[in-house]
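Everything below concerns the one structure shown next.
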Amino acid sequence: MATQAAFMPGSKVETETFWGTVWSWLTTVDHKRIGILYGTSAFIFFLIGGIEALIMRLQLARPDNTLVGAERFNELFTMHGTTMIFLAVMPLSAAFFNYMIPLMIGARDVAFPRLNALSYWIFLSGALFLNSSWLFGLAPDGGWFGYANLTTAQFSPRHTIDFWMLGLQILGVSSMLAGFNFLVTIINMRAPGMTLMRMPVFVWMSFVTQFLLVLAFPAITVALILLMFDRFFGTLFYAPAAGADPLLWQHLFWIFGHPEVYILILPAMGIVSEVLPTFARKPLFGAPVVIYSGIMIGFFGFGVWSHHMFSVGMGPVADSAFSIATMLIAVPTGVKILNWIGTLWGGSIRFRTPLYFALGFIAMFTMGGLSGVMHASPPVDLQQTDSYFVVAHFHYVLFGGSIFGLFGGIYYWWPKINGKLLDERLGLWHFWLMMIGFNVTFFPQHYLGLIGMPRRIYTYAPDLGWNFWNLISTIGAFLIAVSLLFFIVNVIRTMRSGKIAGNDPWDARTLEWAIPSPPPVYNFARVPHVHDRDDYWLQKHGDGHGGAPAPRPAPVTAAEIAAIHMPSPSFWPLLLALAMAVMISGLMISMYQVIVGGLLTLYLMYKFAMELHRPAEGHGH
Amino acid sequence: MADHAAAHVIHDPNIGNTGLDNRKMGMWAFLGSDCMFFGSLIGTYLAYKGKSLSGPGPHDVFDIPLTSYSAALLLASSLTMVLALANLQHNRVKSAARWLLVTALLGLHFVLNQVYEFTTFVLHHDLKLSTNLFGSSFFVLTGFHGAHVTGGVIWLLILVGLAWRRQLDVRDYTKVEIAGLYWHFVDIVWIAIFTVIYLIP
């Protein structure tokens, strides 16, 4: 079963040489390969962001430390936040969107395979562009939310903010293109019979995420464009001396920034909603309610942004409205947590690594959610804002939540993607060390914040009572690093000599497990007909009420496979992404480069569009 | 599965299970996103309306008759776009190409009017990007709209070129329709911008 289908319909004959392989990856439009590219890149950036965090923790391990200075520390926390959000968690989620959504809805690829490749290459060029700032000694230093007017040319004259601003612009284009693609894929590419309410919950949560992506990113795009005009062309959007409102950036940023929080957590919630039913061998408890509450979260996500701004003094009316909306959004979140627990209740639970991570997610995310509800109250928020309490809070939701959920997904779907099972023993070492390390790192930060330690300080005096817990927090951070070593060793060992997984190692419930691991290029030899959310489970086990398992379909014939038409590889996505990077980086170098890059981009967009204009002409089908 | 053989003959890979065209749905998603883009820019303009610390202000510089003429051009171009589509639907490619060209030229006229307007503001009223908040928010909002129109003009001209090279006919109806969706959207956004910036005192 683990042997890949030798027959690759639609694609040209691939040469087995090294450069042939490289070329096939550079020009791939296969959603599974693009998913692997996303996942691998995201993991590398996750490690880079982690190293940045470790340096910060070393600096804070003891008072009056001099490992890094204030400026370097500013760069570290800016790049750590930006990297983890835009280059680690988002693309890791995108890896799962890419790889799993078409498989879970019974499709052969996404709606726009070349656009999908374009999204990836734009993402990679933006990520490399942002990180190249380290090489020039110009790493961004304005915080991940880059408050104007600190970021205007008057206060940040060097190119540091340019790298951040233009890098985020590039990444935003990538996210929005991917958003359009997956919206259409999910609406339009579902297998026959898969009504919206029969879609797996991971696909549903991804669906909500795509709405958030395409509707929230324009706000930060505009905020960044205004900043770009301020910095390069002398506009006054963020110049209070000319009458500008210093809150303009904050509003635009957080109108994006709060939905972004749900962009980061909803995919992980979707993964957990797949893992729990599989390992409890029970359908997801109240699945429609989990879906509805996901939609509610997405909807309310647009109405709570100003809770990030309580301390700027918006007045009692705005404060009350945003406070109530924020408390309200805790309700659908709580509903989900109850449903996940309800899924476990009475199930015949098999404790495997993915389930450990899913349970870790529930516990840690609940704690992060509770501290979040605390600062939904403006008076409490005024006490906690800009302190380590907030740092602890959002690490509980983004690390304890998103990262635990995503690792759960990695362990869960690894056998599907690579055909081999990750080792359970090493997996549990990874889980427990990460769980302990995470709590040792971040739990004390609640306390540090409440006794007054502000966030973003690069050092502190020894007599403030912060020494002990800072040291503990640093030790915890290194425990997390050790846990990741276990994961890396696990991956390497599995690649070399892992246990062959087979189609369905977990006795799981959704369509992707019905096909070989790893799946053939065309995914489904025959497009399935879907009758239920847990369609594959019903095929295997019946409906649990005496209904017999569905009859086995007739075997697939070679002629059927030969008739499958897959999109051809294309190198235009890669070239187009490069041209865009040339154009955008030109803003820091010379206007000529912008013009040349712009013309090149236009030309390549034309070539991109024309590649599929009348593709059937010339060779009859 | 019985209809598999039949499906093989009529199956258009762009049509999804909802019966709608993927590309068209993708364009709608993009337009939804672009609504938020222009919404944020218009919001910024409104937030800064009347906040400039120095002149000139909107009504020192606006030439309402000229801009009304521009608006009329753009509105008319939506009509010609529809005419192009109607002709293409009946595979009258030459007429379709002619109407597409007229649409593009109307759009181009609009852009040139805008260039003229911007030039007058800079030369005669000394209103630049960096003059005051009005200058900043006006030029950036209308400039991005103008950039959208310019992109649309290039798109339409490419379609005209394809038609002249006999590479466009009724089979490409959806492609032209998608260009039309974009074009109408840019037109509608102009109605909003024209009202908010020029007409509301």
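Please note that chains go A, B, ... in the order of the structure tokens, that every chain numbers its residues from 1, and that ligands are numbered from 1 in the order shown.
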
Mind running chain B against chain A at 6 Å and telling me each contacting residue's nearest atom pair with the distance in Å (one decimal), counting only C-alpha atoms, chain and number ascending, as a Markdown table?
```
| residue | atom | partner | partner_atom | distance |
| --- | --- | --- | --- | --- |
| B:Gly16 | CA | A:Asn188 | CA | 4.5 |
| B:Asn17 | CA | A:Asn188 | CA | 5.2 |
| B:Thr18 | CA | A:Asn188 | CA | 5.7 |
| B:Gly26 | CA | A:Phe180 | CA | 5.7 |
| B:Ala29 | CA | A:Phe180 | CA | 5.7 |
| B:Ser33 | CA | A:Leu215 | CA | 5.2 |
| B:Met36 | CA | A:Pro218 | CA | 5.8 |
| B:Phe37 | CA | A:Pro218 | CA | 4.7 |
| B:Ser40 | CA | A:Ala219 | CA | 5.9 |
| B:Leu129 | CA | A:Thr235 | CA | 5.2 |
| B:Ser130 | CA | A:Thr235 | CA | 4.6 |
| B:Leu133 | CA | A:Leu236 | CA | 6.0 |
| B:Ser136 | CA | A:Thr235 | CA | 5.1 |
```

Residues of range 48-102 of chain B that have any atom at most 10 Å from an atom of range 192-195 of chain B: could you tabulate them with the shortest-distance atom pair and the distance in Å to one decimal, using only C-alpha atoms, ordered by chain and increasing number, as JSON lines?
```
{"residue": "B:Ile64", "atom": "CA", "partner": "B:Phe194", "partner_atom": "CA", "distance": 9.7}
{"residue": "B:Thr67", "atom": "CA", "partner": "B:Phe194", "partner_atom": "CA", "distance": 8.1}
{"residue": "B:Ser68", "atom": "CA", "partner": "B:Phe194", "partner_atom": "CA", "distance": 8.3}
{"residue": "B:Ser70", "atom": "CA", "partner": "B:Phe194", "partner_atom": "CA", "distance": 9.9}
{"residue": "B:Ala71", "atom": "CA", "partner": "B:Phe194", "partner_atom": "CA", "distance": 7.6}
```

message: I'd like to know which of B:Gly55, B:Pro65, B:Gly161, B:Gly107 is closest to Lys94 in chain B, using only C-alpha atoms.
response: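 Residue with the minimum atom-to-atom distance to Lys94 in chain B: B:Gly161.
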
task: With a distance cut-off of 12 Å and only C-alpha atoms, select the neighbouring residues of range 197-201 of chain B, excluding the residue or stretch itself and same-chain residues fewer than 2 positions from it, and output the selection as number ranges by chain.
output: B: 41-46, 48-50, 57-68, 71, 134, 137-139, 141-142, 189-195

For range 290-292 of chain A: contacts at 9 Å, only C-alpha atoms, fewer than 5 positions along chain excluded, given as a PDB file with N, CA and C atoms, in the first residue's frame:
```pdb
ATOM      1  N   MET A 197     -23.111  20.493   5.595  1.00  0.00           N
ATOM      2  CA  MET A 197     -23.143  19.940   6.951  1.00  0.00           C
ATOM      3  C   MET A 197     -22.528  18.549   7.026  1.00  0.00           C
ATOM      4  N   VAL A 201     -15.269  18.638  10.255  1.00  0.00           N
ATOM      5  CA  VAL A 201     -15.211  19.885  11.012  1.00  0.00           C
ATOM      6  C   VAL A 201     -13.902  20.631  10.757  1.00  0.00           C
ATOM      7  N   TRP A 204     -14.583  22.707   7.904  1.00  0.00           N
ATOM      8  CA  TRP A 204     -15.436  23.827   8.294  1.00  0.00           C
ATOM      9  C   TRP A 204     -14.640  24.948   8.960  1.00  0.00           C
ATOM     10  N   MET A 205     -13.782  24.571   9.894  1.00  0.00           N
ATOM     11  CA  MET A 205     -13.013  25.603  10.593  1.00  0.00           C
ATOM     12  C   MET A 205     -12.060  26.302   9.617  1.00  0.00           C
ATOM     13  N   SER A 273     -10.892  18.746  16.479  1.00  0.00           N
ATOM     14  CA  SER A 273     -12.216  18.183  16.239  1.00  0.00           C
ATOM     15  C   SER A 273     -12.173  16.945  15.352  1.00  0.00           C
ATOM     16  N   LEU A 284     -18.084  13.257  16.656  1.00  0.00           N
ATOM     17  CA  LEU A 284     -17.899  14.501  17.405  1.00  0.00           C
ATOM     18  C   LEU A 284     -19.224  14.880  18.060  1.00  0.00           C
ATOM     19  N   PHE A 285     -19.181  15.094  19.364  1.00  0.00           N
ATOM     20  CA  PHE A 285     -20.402  15.415  20.110  1.00  0.00           C
ATOM     21  C   PHE A 285     -20.950  16.755  19.628  1.00  0.00           C
ATOM     22  N   ILE A 297     -17.703  32.502  16.145  1.00  0.00           N
ATOM     23  CA  ILE A 297     -16.396  33.043  16.511  1.00  0.00           C
ATOM     24  C   ILE A 297     -15.862  33.913  15.375  1.00  0.00           C
ATOM     25  N   PRO A 332     -19.264  30.959  22.409  1.00  0.00           N
ATOM     26  CA  PRO A 332     -19.061  29.880  21.432  1.00  0.00           C
ATOM     27  C   PRO A 332     -17.767  29.105  21.674  1.00  0.00           C
ATOM     28  N   VAL A 335     -18.548  26.674  24.317  1.00  0.00           N
ATOM     29  CA  VAL A 335     -19.391  25.613  23.759  1.00  0.00           C
ATOM     30  C   VAL A 335     -18.515  24.548  23.122  1.00  0.00           C
ATOM     31  N   LYS A 336     -17.510  25.003  22.380  1.00  0.00           N
ATOM     32  CA  LYS A 336     -16.626  24.043  21.716  1.00  0.00           C
ATOM     33  C   LYS A 336     -15.913  23.171  22.733  1.00  0.00           C
ATOM     34  N   ASN A 339     -18.118  20.585  23.955  1.00  0.00           N
ATOM     35  CA  ASN A 339     -18.363  19.549  22.948  1.00  0.00           C
ATOM     36  C   ASN A 339     -17.187  18.597  22.817  1.00  0.00           C
ATOM     37  N   TRP A 340     -15.969  19.136  22.933  1.00  0.00           N
ATOM     38  CA  TRP A 340     -14.808  18.259  22.845  1.00  0.00           C
ATOM     39  C   TRP A 340     -14.794  17.286  24.035  1.00  0.00           C
TER      40      TRP A 340
END
```

- request: Would you please give, as JSON, numbers by chain, all residues of chain B that DSSP assigns to alpha helix (DSSP H) based on the backbone?
  value: {"B": [4, 5, 6, 7, 8, 9, 10, 22, 23, 24, 25, 26, 27, 28, 29, 30, 31, 32, 33, 34, 35, 36, 37, 38, 39, 40, 41, 42, 43, 44, 45, 46, 47, 58, 59, 60, 61, 64, 65, 66, 67, 68, 69, 70, 71, 72, 73, 74, 75, 76, 77, 78, 79, 80, 81, 82, 83, 84, 85, 86, 87, 88, 89, 93, 94, 95, 96, 97, 98, 99, 100, 101, 102, 103, 104, 105, 106, 107, 108, 109, 110, 111, 112, 113, 114, 115, 116, 117, 118, 119, 120, 121, 122, 123, 124, 133, 134, 135, 136, 137, 138, 139, 140, 141, 142, 143, 144, 145, 146, 147, 148, 149, 150, 151, 152, 153, 154, 155, 156, 157, 158, 159, 160, 161, 162, 163, 164, 173, 174, 175, 176, 177, 178, 179, 180, 181, 182, 183, 184, 185, 186, 187, 188, 189, 190, 191, 192, 193]}

Distance table requested - range 247-303 of chain A against range 356-377 of chain A, cut-off 8 Å, only C-alpha atoms: one row per qualifying residue with the closest atom pair and its distance in Å to one decimal, ordered by chain and rising residue number, as JSON lines.
```
{"residue": "A:Val272", "atom": "CA", "partner": "A:Ala358", "partner_atom": "CA", "distance": 5.4}
{"residue": "A:Val275", "atom": "CA", "partner": "A:Ala358", "partner_atom": "CA", "distance": 6.9}
{"residue": "A:Leu276", "atom": "CA", "partner": "A:Ala358", "partner_atom": "CA", "distance": 7.0}
```
